>>> print(open('query.tsv').read())   # TSV, N, CA and C atoms and all ligand atoms
chain	number	residue	atom	x	y	z
M	1	MET	N	39.48	-13.75	8.91
M	1	MET	CA	38.31	-12.88	8.70
M	1	MET	C	37.04	-13.74	8.59
M	2	PRO	N	35.97	-13.35	9.30
M	2	PRO	CA	34.73	-14.15	9.24
M	2	PRO	C	34.06	-14.01	7.88
M	3	ASP	N	33.28	-15.00	7.53
M	3	ASP	CA	32.54	-14.93	6.27
M	3	ASP	C	31.51	-13.82	6.34
M	4	CYS	N	31.16	-13.28	5.15
M	4	CYS	CA	30.13	-12.25	5.13
M	4	CYS	C	28.77	-12.93	5.33
M	5	SER	N	27.76	-12.15	5.67
M	5	SER	CA	26.47	-12.73	6.03
M	5	SER	C	25.83	-13.45	4.84
M	6	ARG	N	26.09	-12.97	3.63
M	6	ARG	CA	25.50	-13.62	2.46
M	6	ARG	C	26.12	-15.00	2.24
M	7	CYS	N	27.44	-15.07	2.34
M	7	CYS	CA	28.11	-16.36	2.18
M	7	CYS	C	27.68	-17.33	3.26
M	8	LEU	N	27.51	-16.81	4.48
M	8	LEU	CA	27.05	-17.65	5.58
M	8	LEU	C	25.66	-18.17	5.30
M	9	ARG	N	24.80	-17.28	4.80
M	9	ARG	CA	23.41	-17.65	4.56
M	9	ARG	C	23.30	-18.67	3.44
M	10	LEU	N	24.09	-18.42	2.37
M	10	LEU	CA	23.99	-19.30	1.20
M	10	LEU	C	25.02	-20.44	1.25
M	11	HIS	N	25.74	-20.50	2.36
M	11	HIS	CA	26.77	-21.53	2.55
M	11	HIS	C	27.77	-21.53	1.40
M	12	LEU	N	28.18	-20.34	1.00
M	12	LEU	CA	29.19	-20.21	-0.05
M	12	LEU	C	30.57	-20.23	0.59
M	13	SER	N	31.50	-20.75	-0.18
M	13	SER	CA	32.87	-20.72	0.30
M	13	SER	C	33.82	-20.78	-0.89
M	14	PRO	N	35.01	-20.28	-0.85
M	14	PRO	CA	35.47	-19.52	0.31
M	14	PRO	C	35.04	-18.07	0.22
M	15	CYS	N	34.84	-17.44	1.37
M	15	CYS	CA	34.50	-16.02	1.39
M	15	CYS	C	35.80	-15.25	1.52
M	16	LYS	N	36.25	-14.76	0.39
M	16	LYS	CA	37.51	-14.00	0.40
M	16	LYS	C	37.29	-12.62	-0.17
M	17	ALA	N	37.90	-11.64	0.44
M	17	ALA	CA	37.77	-10.27	-0.05
M	17	ALA	C	38.43	-10.17	-1.42
M	18	ALA	N	37.70	-9.55	-2.35
M	18	ALA	CA	38.25	-9.37	-3.69
M	18	ALA	C	39.20	-8.19	-3.69
M	19	ASP	N	40.12	-8.19	-4.65
M	19	ASP	CA	41.09	-7.10	-4.74
M	19	ASP	C	40.39	-5.78	-5.02
M	20	ARG	N	40.90	-4.73	-4.36
M	20	ARG	CA	40.39	-3.37	-4.55
M	20	ARG	C	38.87	-3.31	-4.50
M	21	SER	N	38.27	-4.03	-3.57
M	21	SER	CA	36.84	-4.04	-3.45
M	21	SER	C	36.46	-4.18	-1.99
M	22	THR	N	35.27	-3.71	-1.65
M	22	THR	CA	34.79	-3.88	-0.29
M	22	THR	C	33.91	-5.11	-0.20
M	23	SER	N	33.77	-5.84	-1.33
M	23	SER	CA	32.96	-7.06	-1.33
M	23	SER	C	33.86	-8.28	-1.39
M	24	CYS	N	33.31	-9.41	-0.96
M	24	CYS	CA	34.05	-10.65	-1.12
M	24	CYS	C	33.88	-11.13	-2.56
M	25	GLN	N	34.66	-12.10	-2.95
M	25	GLN	CA	34.62	-12.55	-4.34
M	25	GLN	C	33.25	-13.08	-4.74
M	26	ASN	N	32.62	-13.82	-3.83
M	26	ASN	CA	31.30	-14.38	-4.15
M	26	ASN	C	30.27	-13.28	-4.39
M	27	CYS	N	30.27	-12.29	-3.50
M	27	CYS	CA	29.32	-11.19	-3.64
M	27	CYS	C	29.63	-10.38	-4.88
M	28	LEU	N	30.93	-10.19	-5.14
M	28	LEU	CA	31.34	-9.42	-6.31
M	28	LEU	C	30.82	-10.11	-7.58
M	29	ARG	N	30.98	-11.43	-7.63
M	29	ARG	CA	30.54	-12.19	-8.80
M	29	ARG	C	29.02	-12.11	-8.94
M	30	ALA	N	28.30	-12.11	-7.80
M	30	ALA	CA	26.85	-12.08	-7.83
M	30	ALA	C	26.33	-10.65	-7.93
M	31	ASN	N	27.26	-9.69	-7.99
M	31	ASN	CA	26.88	-8.29	-8.09
M	31	ASN	C	26.05	-7.82	-6.89
M	32	VAL	N	26.42	-8.31	-5.72
M	32	VAL	CA	25.72	-7.88	-4.51
M	32	VAL	C	26.43	-6.66	-3.93
M	33	ALA	N	25.67	-5.63	-3.71
M	33	ALA	CA	26.29	-4.37	-3.29
M	33	ALA	C	26.55	-4.35	-1.80
M	34	SER	N	25.84	-5.19	-1.06
M	34	SER	CA	25.89	-5.04	0.40
M	34	SER	C	26.66	-6.17	1.06
M	35	CYS	N	27.85	-6.41	0.58
M	35	CYS	CA	28.68	-7.41	1.24
M	35	CYS	C	29.25	-6.80	2.51
M	36	ASP	N	29.17	-7.55	3.60
M	36	ASP	CA	29.67	-7.01	4.87
M	36	ASP	C	30.88	-7.80	5.35
M	37	VAL	N	31.68	-8.28	4.39
M	37	VAL	CA	32.85	-9.07	4.76
M	37	VAL	C	33.82	-8.23	5.60
M	38	PHE	N	33.83	-6.91	5.39
M	38	PHE	CA	34.65	-6.03	6.21
M	38	PHE	C	33.85	-5.43	7.36
M	39	GLY	N	32.61	-5.89	7.48
M	39	GLY	CA	31.75	-5.30	8.49
M	39	GLY	C	31.14	-4.03	7.96
M	40	VAL	N	29.93	-3.71	8.41
M	40	VAL	CA	29.31	-2.47	7.99
M	40	VAL	C	29.96	-1.33	8.76
M	41	PRO	N	30.46	-0.33	8.05
M	41	PRO	CA	31.11	0.79	8.74
M	41	PRO	C	30.13	1.45	9.71
M	42	THR	N	30.49	1.51	11.00
M	42	THR	CA	29.55	2.00	12.00
M	42	THR	C	29.20	3.46	11.78
M	43	ALA	N	30.20	4.27	11.41
M	43	ALA	CA	29.94	5.69	11.22
M	43	ALA	C	28.90	5.88	10.11
M	44	GLU	N	29.11	5.12	9.04
M	44	GLU	CA	28.18	5.23	7.91
M	44	GLU	C	26.79	4.77	8.32
M	45	LEU	N	26.76	3.66	9.06
M	45	LEU	CA	25.48	3.11	9.51
M	45	LEU	C	24.77	4.10	10.40
M	46	ARG	N	25.54	4.71	11.31
M	46	ARG	CA	24.93	5.66	12.22
M	46	ARG	C	24.38	6.85	11.44
M	47	ALA	N	25.13	7.30	10.45
M	47	ALA	CA	24.68	8.43	9.64
M	47	ALA	C	23.39	8.07	8.91
M	48	LEU	N	23.35	6.83	8.42
M	48	LEU	CA	22.14	6.38	7.71
M	48	LEU	C	20.94	6.36	8.65
M	49	MET	N	21.16	5.83	9.86
M	49	MET	CA	20.06	5.75	10.82
M	49	MET	C	19.60	7.15	11.23
M	50	ASP	N	20.56	8.04	11.41
M	50	ASP	CA	20.22	9.42	11.76
M	50	ASP	C	19.38	10.04	10.66
M	51	GLU	N	19.82	9.82	9.43
M	51	GLU	CA	19.11	10.39	8.28
M	51	GLU	C	17.70	9.83	8.21
M	52	LYS	N	17.57	8.53	8.47
M	52	LYS	CA	16.26	7.89	8.44
M	52	LYS	C	15.35	8.46	9.52
M	53	ARG	N	15.93	8.61	10.74
M	53	ARG	CA	15.15	9.18	11.84
M	53	ARG	C	14.70	10.60	11.49
M	54	ARG	N	15.62	11.36	10.89
M	54	ARG	CA	15.32	12.74	10.51
M	54	ARG	C	14.16	12.76	9.51
M	55	LEU	N	14.23	11.87	8.54
M	55	LEU	CA	13.19	11.79	7.52
M	55	LEU	C	11.85	11.39	8.13
M	56	ASP	N	11.90	10.42	9.06
M	56	ASP	CA	10.67	9.97	9.73
M	56	ASP	C	10.02	11.13	10.48
M	57	ARG	N	10.89	11.90	11.20
M	57	ARG	CA	10.36	13.04	11.94
M	57	ARG	C	9.73	14.04	10.99
M	58	ARG	N	10.44	14.32	9.90
M	58	ARG	CA	9.97	15.29	8.91
M	58	ARG	C	8.64	14.81	8.32
M	59	LYS	N	8.56	13.51	8.07
M	59	LYS	CA	7.35	12.91	7.51
M	59	LYS	C	6.16	13.17	8.44
M	60	GLU	N	6.40	12.96	9.74
M	60	GLU	CA	5.33	13.19	10.71
M	60	GLU	C	4.91	14.65	10.73
M	61	GLU	N	5.93	15.54	10.66
M	61	GLU	CA	5.64	16.97	10.64
M	61	GLU	C	4.79	17.32	9.45
M	62	VAL	N	5.20	16.85	8.29
M	62	VAL	CA	4.50	17.17	7.05
M	62	VAL	C	3.09	16.61	7.10
M	63	LEU	N	2.97	15.41	7.66
M	63	LEU	CA	1.66	14.76	7.73
M	63	LEU	C	0.71	15.55	8.62
M	64	SER	N	1.22	16.00	9.79
M	64	SER	CA	0.34	16.74	10.69
M	64	SER	C	0.01	18.11	10.09
M	65	GLU	N	0.97	18.68	9.37
M	65	GLU	CA	0.71	19.95	8.69
M	65	GLU	C	-0.38	19.76	7.63
M	66	LEU	N	-0.28	18.64	6.94
M	66	LEU	CA	-1.26	18.32	5.91
M	66	LEU	C	-2.66	18.20	6.52
M	67	LEU	N	-2.74	17.49	7.66
M	67	LEU	CA	-4.02	17.31	8.34
M	67	LEU	C	-4.57	18.66	8.80
M	68	ARG	N	-3.66	19.52	9.30
M	68	ARG	CA	-4.06	20.83	9.78
M	68	ARG	C	-4.64	21.64	8.63
M	69	LEU	N	-3.95	21.64	7.49
M	69	LEU	CA	-4.38	22.40	6.33
M	69	LEU	C	-5.71	21.86	5.80
M	70	GLU	N	-5.82	20.53	5.83
M	70	GLU	CA	-7.05	19.89	5.36
M	70	GLU	C	-8.24	20.37	6.20
M	71	LYS	N	-8.02	20.41	7.53
M	71	LYS	CA	-9.08	20.83	8.45
M	71	LYS	C	-9.44	22.30	8.18
M	72	GLN	N	-8.38	23.12	8.03
M	72	GLN	CA	-8.58	24.53	7.78
M	72	GLN	C	-9.36	24.75	6.50
M	73	SER	N	-8.97	23.99	5.49
M	73	SER	CA	-9.60	24.11	4.18
M	73	SER	C	-11.09	23.75	4.27
M	74	ARG	N	-11.37	22.68	5.03
M	74	ARG	CA	-12.77	22.26	5.17
M	74	ARG	C	-13.57	23.31	5.94
M	75	ALA	N	-12.93	23.90	6.97
M	75	ALA	CA	-13.60	24.92	7.77
M	75	ALA	C	-13.95	26.12	6.90
M	76	LEU	N	-12.97	26.52	6.04
M	76	LEU	CA	-13.21	27.66	5.15
M	76	LEU	C	-14.31	27.34	4.16
M	77	GLU	N	-14.30	26.12	3.70
M	77	GLU	CA	-15.33	25.68	2.75
M	77	GLU	C	-16.72	25.84	3.38
M	78	GLY	N	-16.80	25.39	4.64
M	78	GLY	CA	-18.06	25.48	5.37
M	78	GLY	C	-18.49	26.92	5.52
M	79	ARG	N	-17.51	27.80	5.86
M	79	ARG	CA	-17.83	29.21	6.04
M	79	ARG	C	-18.27	29.83	4.72
M	80	ALA	N	-17.58	29.45	3.65
M	80	ALA	CA	-17.92	29.98	2.33
M	80	ALA	C	-19.33	29.58	1.95
M	81	GLU	N	-19.67	28.33	2.24
M	81	GLU	CA	-21.01	27.85	1.92
M	81	GLU	C	-22.07	28.63	2.70
M	82	LYS	N	-21.77	28.86	3.99
M	82	LYS	CA	-22.71	29.59	4.83
M	82	LYS	C	-22.87	31.01	4.30
M	83	ALA	N	-21.74	31.66	3.98
M	83	ALA	CA	-21.78	33.02	3.48
M	83	ALA	C	-22.55	33.09	2.18
M	84	LEU	N	-22.32	32.08	1.36
M	84	LEU	CA	-22.98	32.06	0.05
M	84	LEU	C	-24.49	31.91	0.21
M	85	SER	N	-24.91	31.02	1.11
M	85	SER	CA	-26.34	30.82	1.29
M	85	SER	C	-26.98	32.06	1.91
M	86	ARG	N	-26.22	32.77	2.77
M	86	ARG	CA	-26.71	34.01	3.36
M	86	ARG	C	-26.89	35.04	2.24
M	87	GLU	N	-25.89	35.12	1.37
M	87	GLU	CA	-25.91	36.05	0.24
M	87	GLU	C	-27.14	35.79	-0.62
M	88	ILE	N	-27.36	34.51	-0.89
M	88	ILE	CA	-28.48	34.14	-1.75
M	88	ILE	C	-29.82	34.50	-1.10
M	89	SER	N	-29.94	34.22	0.21
M	89	SER	CA	-31.21	34.51	0.87
M	89	SER	C	-31.43	36.02	0.94
M	90	LEU	N	-30.34	36.80	1.10
M	90	LEU	CA	-30.47	38.26	1.08
M	90	LEU	C	-30.94	38.73	-0.28
M	91	MET	N	-30.36	38.15	-1.32
M	91	MET	CA	-30.74	38.51	-2.68
M	91	MET	C	-32.21	38.21	-2.91
M	92	GLU	N	-32.63	37.04	-2.41
M	92	GLU	CA	-34.03	36.66	-2.58
M	92	GLU	C	-34.94	37.63	-1.84
M	93	GLU	N	-34.50	38.07	-0.65
M	93	GLU	CA	-35.28	39.05	0.11
M	93	GLU	C	-35.40	40.35	-0.67
M	94	ASP	N	-34.28	40.80	-1.22
M	94	ASP	CA	-34.28	42.03	-2.02
M	94	ASP	C	-35.26	41.92	-3.17
M	95	GLU	N	-35.19	40.79	-3.86
M	95	GLU	CA	-36.08	40.59	-5.00
M	95	GLU	C	-37.54	40.63	-4.55
M	96	ALA	N	-37.80	39.99	-3.40
M	96	ALA	CA	-39.16	39.95	-2.89
M	96	ALA	C	-39.63	41.36	-2.56
M	97	LEU	N	-38.73	42.15	-1.93
M	97	LEU	CA	-39.09	43.53	-1.58
M	97	LEU	C	-39.37	44.36	-2.84
M	98	GLU	N	-38.50	44.18	-3.83
M	98	GLU	CA	-38.67	44.94	-5.07
M	98	GLU	C	-39.97	44.58	-5.76
M	99	ALA	N	-40.33	43.29	-5.65
M	99	ALA	CA	-41.56	42.85	-6.28
M	99	ALA	C	-42.76	43.55	-5.65
M	100	HIS	N	-42.68	43.77	-4.32
M	100	HIS	CA	-43.80	44.40	-3.62
M	100	HIS	C	-43.83	45.91	-3.84
M	101	HIS	N	-42.63	46.50	-3.88
M	101	HIS	CA	-42.58	47.95	-4.05
M	101	HIS	C	-41.78	48.28	-5.30
M	102	PRO	N	-42.37	48.23	-6.45
M	102	PRO	CA	-41.62	48.54	-7.66
M	102	PRO	C	-41.16	50.00	-7.63
M	103	SER	N	-39.89	50.26	-7.95
M	103	SER	CA	-39.39	51.62	-7.88
M	103	SER	C	-39.68	52.38	-9.17
T	201	ZN	ZN	31.32	-13.62	1.32
T	202	ZN	ZN	30.12	-11.14	0.57
>>> encode(input="query.tsv", output="structure tokens")
Amino acid sequence: MPDCSRCLRLHLSPCKAADRSTSCQNCLRANVASCDVFGVPTAELRALMDEKRRLDRRKEEVLSELLRLEKQSRALEGRAEKALSREISLMEEDEALEAHHPS
């Protein structure tokens, strides 16, 4: 069995699989969770990559939705401001009219 990547990197030896464990003895002693002495299970890896891709896609969706809402919110804000200023100018007109023609 080939050495795990950590043992190879740190030049540890011997790289032996520990009993009832998916880690080698060196990794087990160092409390390393990602020993690949048995190789990374492809199915698990593929599932992880799929999940990551799914999350990335979702992130993009949420981000564009956020931008859309932000734009909408700003547009409404602008409209509200315009409506408000129109309201105010109408009120001022009314007041001016009332001042000229007291009822
Ligand atoms: Zn090892
Ligand atoms: Zn290891």
>>> atom_distance(input="query.tsv", atom1="atom ZN of ligand ZN 201 (chain T)", atom2="atom CA of M:Leu45")
19.5 Å
>>> select_by_dssp(input="query.tsv", residues="chain M", states="helix (DSSP H, G or I)", output="PyMOL selection string")
chain M and resi 5-10+25-29+42-100
>>> atom_distance(input="query.tsv", atom1="atom N of M:Arg68", atom2="atom CA of M:Asp50")
26.0 Å
>>> atom_distance(input="query.tsv", atom1="atom C of M:Lys16", atom2="atom ZN of ligand ZN 201 (chain T)")
6.2 Å
>>> residues_near_ligand(input="query.tsv", ligand="ligand ZN 202 (chain T)", cutoff="7 Å", atoms="all atoms listed in the file", output="count of residues only")
16
>>> axis_aligned_box(input="query.tsv", around="stretch 78-88 of chain M", padding_each_side="3 Å", output="JSON")
{"center_x": -23.3, "center_y": 30.7, "center_z": 2.1, "size_x": 19.0, "size_y": 16.7, "size_z": 13.8}
>>> closest_residue(input="query.tsv", among="M:Ala30, M:Leu90, M:Leu69, M:Leu84", to="M:Leu12", atoms="only C-alpha atoms")
M:Ala30
>>> closest_residue(input="query.tsv", among="M:Leu66, M:Thr22, M:Glu93, M:Leu10", to="M:Gly39", atoms="all atoms listed in the file")
M:Thr22
>>> closest_atom_pairs(input="query.tsv", of="stretch 9-73 of chain M", to="stretch 77-82 of chain M", cutoff="8 Å", atoms="only N, CA and C atoms", output="tab-separated table")
residue	atom	partner	partner_atom	distance
M:Lys71	C	M:Glu77	N	7.6
M:Gln72	C	M:Glu77	N	5.8
M:Ser73	C	M:Glu77	N	4.0
>>> write_last_selection(input="query.tsv", atoms="N, CA and C atoms", output="PDB file, in the frame of the given file")
ATOM      1  N   LYS M  71      -8.020  20.410   7.530  1.00  0.00           N
ATOM      2  CA  LYS M  71      -9.080  20.830   8.450  1.00  0.00           C
ATOM      3  C   LYS M  71      -9.440  22.300   8.180  1.00  0.00           C
ATOM      4  N   GLN M  72      -8.380  23.120   8.030  1.00  0.00           N
ATOM      5  CA  GLN M  72      -8.580  24.530   7.780  1.00  0.00           C
ATOM      6  C   GLN M  72      -9.360  24.750   6.500  1.00  0.00           C
ATOM      7  N   SER M  73      -8.970  23.990   5.490  1.00  0.00           N
ATOM      8  CA  SER M  73      -9.600  24.110   4.180  1.00  0.00           C
ATOM      9  C   SER M  73     -11.090  23.750   4.270  1.00  0.00           C
TER      10      SER M  73
END
>>> closest_residue(input="query.tsv", among="M:Lys52, M:His100, M:Ala18, M:Glu95", to="M:Phe38", atoms="only C-alpha atoms")
M:Ala18
>>> closest_residue(input="query.tsv", among="M:Arg86, M:Met91, M:Ala17, M:Asp56", to="M:Pro2", atoms="only C-alpha atoms")
M:Ala17
>>> closest_residue(input="query.tsv", among="M:Val32, M:Ala83, M:Leu67, M:Ala99", to="ligand ZN 201 (chain T)", atoms="only C-alpha atoms and all ligand atoms")
M:Val32
>>> build_atoms(input="query.tsv", residues="stretch 83-101 of chain M", atoms="N, CA, C and O atoms", output="compact mmCIF listing (two decimals), keeping the file's coordinate frame")
# COMPACT_ATOMS: atom_id res chain seq x y z
N ALA M 83 -21.74 31.66 3.98
CA ALA M 83 -21.78 33.02 3.48
C ALA M 83 -22.55 33.09 2.18
O ALA M 83 -23.33 34.01 1.94
N LEU M 84 -22.32 32.08 1.36
CA LEU M 84 -22.98 32.06 0.05
C LEU M 84 -24.49 31.91 0.21
O LEU M 84 -25.26 32.64 -0.42
N SER M 85 -24.91 31.02 1.11
CA SER M 85 -26.34 30.82 1.29
C SER M 85 -26.98 32.06 1.91
O SER M 85 -28.11 32.42 1.59
N ARG M 86 -26.22 32.77 2.77
CA ARG M 86 -26.71 34.01 3.36
C ARG M 86 -26.89 35.04 2.24
O ARG M 86 -27.91 35.71 2.15
N GLU M 87 -25.89 35.12 1.37
CA GLU M 87 -25.91 36.05 0.24
C GLU M 87 -27.14 35.79 -0.62
O GLU M 87 -27.86 36.71 -1.00
N ILE M 88 -27.36 34.51 -0.89
CA ILE M 88 -28.48 34.14 -1.75
C ILE M 88 -29.82 34.50 -1.10
O ILE M 88 -30.69 35.07 -1.74
N SER M 89 -29.94 34.22 0.21
CA SER M 89 -31.21 34.51 0.87
C SER M 89 -31.43 36.02 0.94
O SER M 89 -32.55 36.50 0.83
N LEU M 90 -30.34 36.80 1.10
CA LEU M 90 -30.47 38.26 1.08
C LEU M 90 -30.94 38.73 -0.28
O LEU M 90 -31.81 39.59 -0.40
N MET M 91 -30.36 38.15 -1.32
CA MET M 91 -30.74 38.51 -2.68
C MET M 91 -32.21 38.21 -2.91
O MET M 91 -32.94 39.01 -3.50
N GLU M 92 -32.63 37.04 -2.41
CA GLU M 92 -34.03 36.66 -2.58
C GLU M 92 -34.94 37.63 -1.84
O GLU M 92 -36.02 37.98 -2.33
N GLU M 93 -34.50 38.07 -0.65
CA GLU M 93 -35.28 39.05 0.11
C GLU M 93 -35.40 40.35 -0.67
O GLU M 93 -36.48 40.92 -0.80
N ASP M 94 -34.28 40.80 -1.22
CA ASP M 94 -34.28 42.03 -2.02
C ASP M 94 -35.26 41.92 -3.17
O ASP M 94 -36.06 42.83 -3.41
N GLU M 95 -35.19 40.79 -3.86
CA GLU M 95 -36.08 40.59 -5.00
C GLU M 95 -37.54 40.63 -4.55
O GLU M 95 -38.38 41.22 -5.21
N ALA M 96 -37.80 39.99 -3.40
CA ALA M 96 -39.16 39.95 -2.89
C ALA M 96 -39.63 41.36 -2.56
O ALA M 96 -40.76 41.74 -2.87
N LEU M 97 -38.73 42.15 -1.93
CA LEU M 97 -39.09 43.53 -1.58
C LEU M 97 -39.37 44.36 -2.84
O LEU M 97 -40.35 45.08 -2.90
N GLU M 98 -38.50 44.18 -3.83
CA GLU M 98 -38.67 44.94 -5.07
C GLU M 98 -39.97 44.58 -5.76
O GLU M 98 -40.62 45.43 -6.37
N ALA M 99 -40.33 43.29 -5.65
CA ALA M 99 -41.56 42.85 -6.28
C ALA M 99 -42.76 43.55 -5.65
O ALA M 99 -43.71 43.91 -6.34
N HIS M 100 -42.68 43.77 -4.32
CA HIS M 100 -43.80 44.40 -3.62
C HIS M 100 -43.83 45.91 -3.84
O HIS M 100 -44.88 46.53 -3.92
N HIS M 101 -42.63 46.50 -3.88
CA HIS M 101 -42.58 47.95 -4.05
C HIS M 101 -41.78 48.28 -5.30
O HIS M 101 -40.62 48.61 -5.21
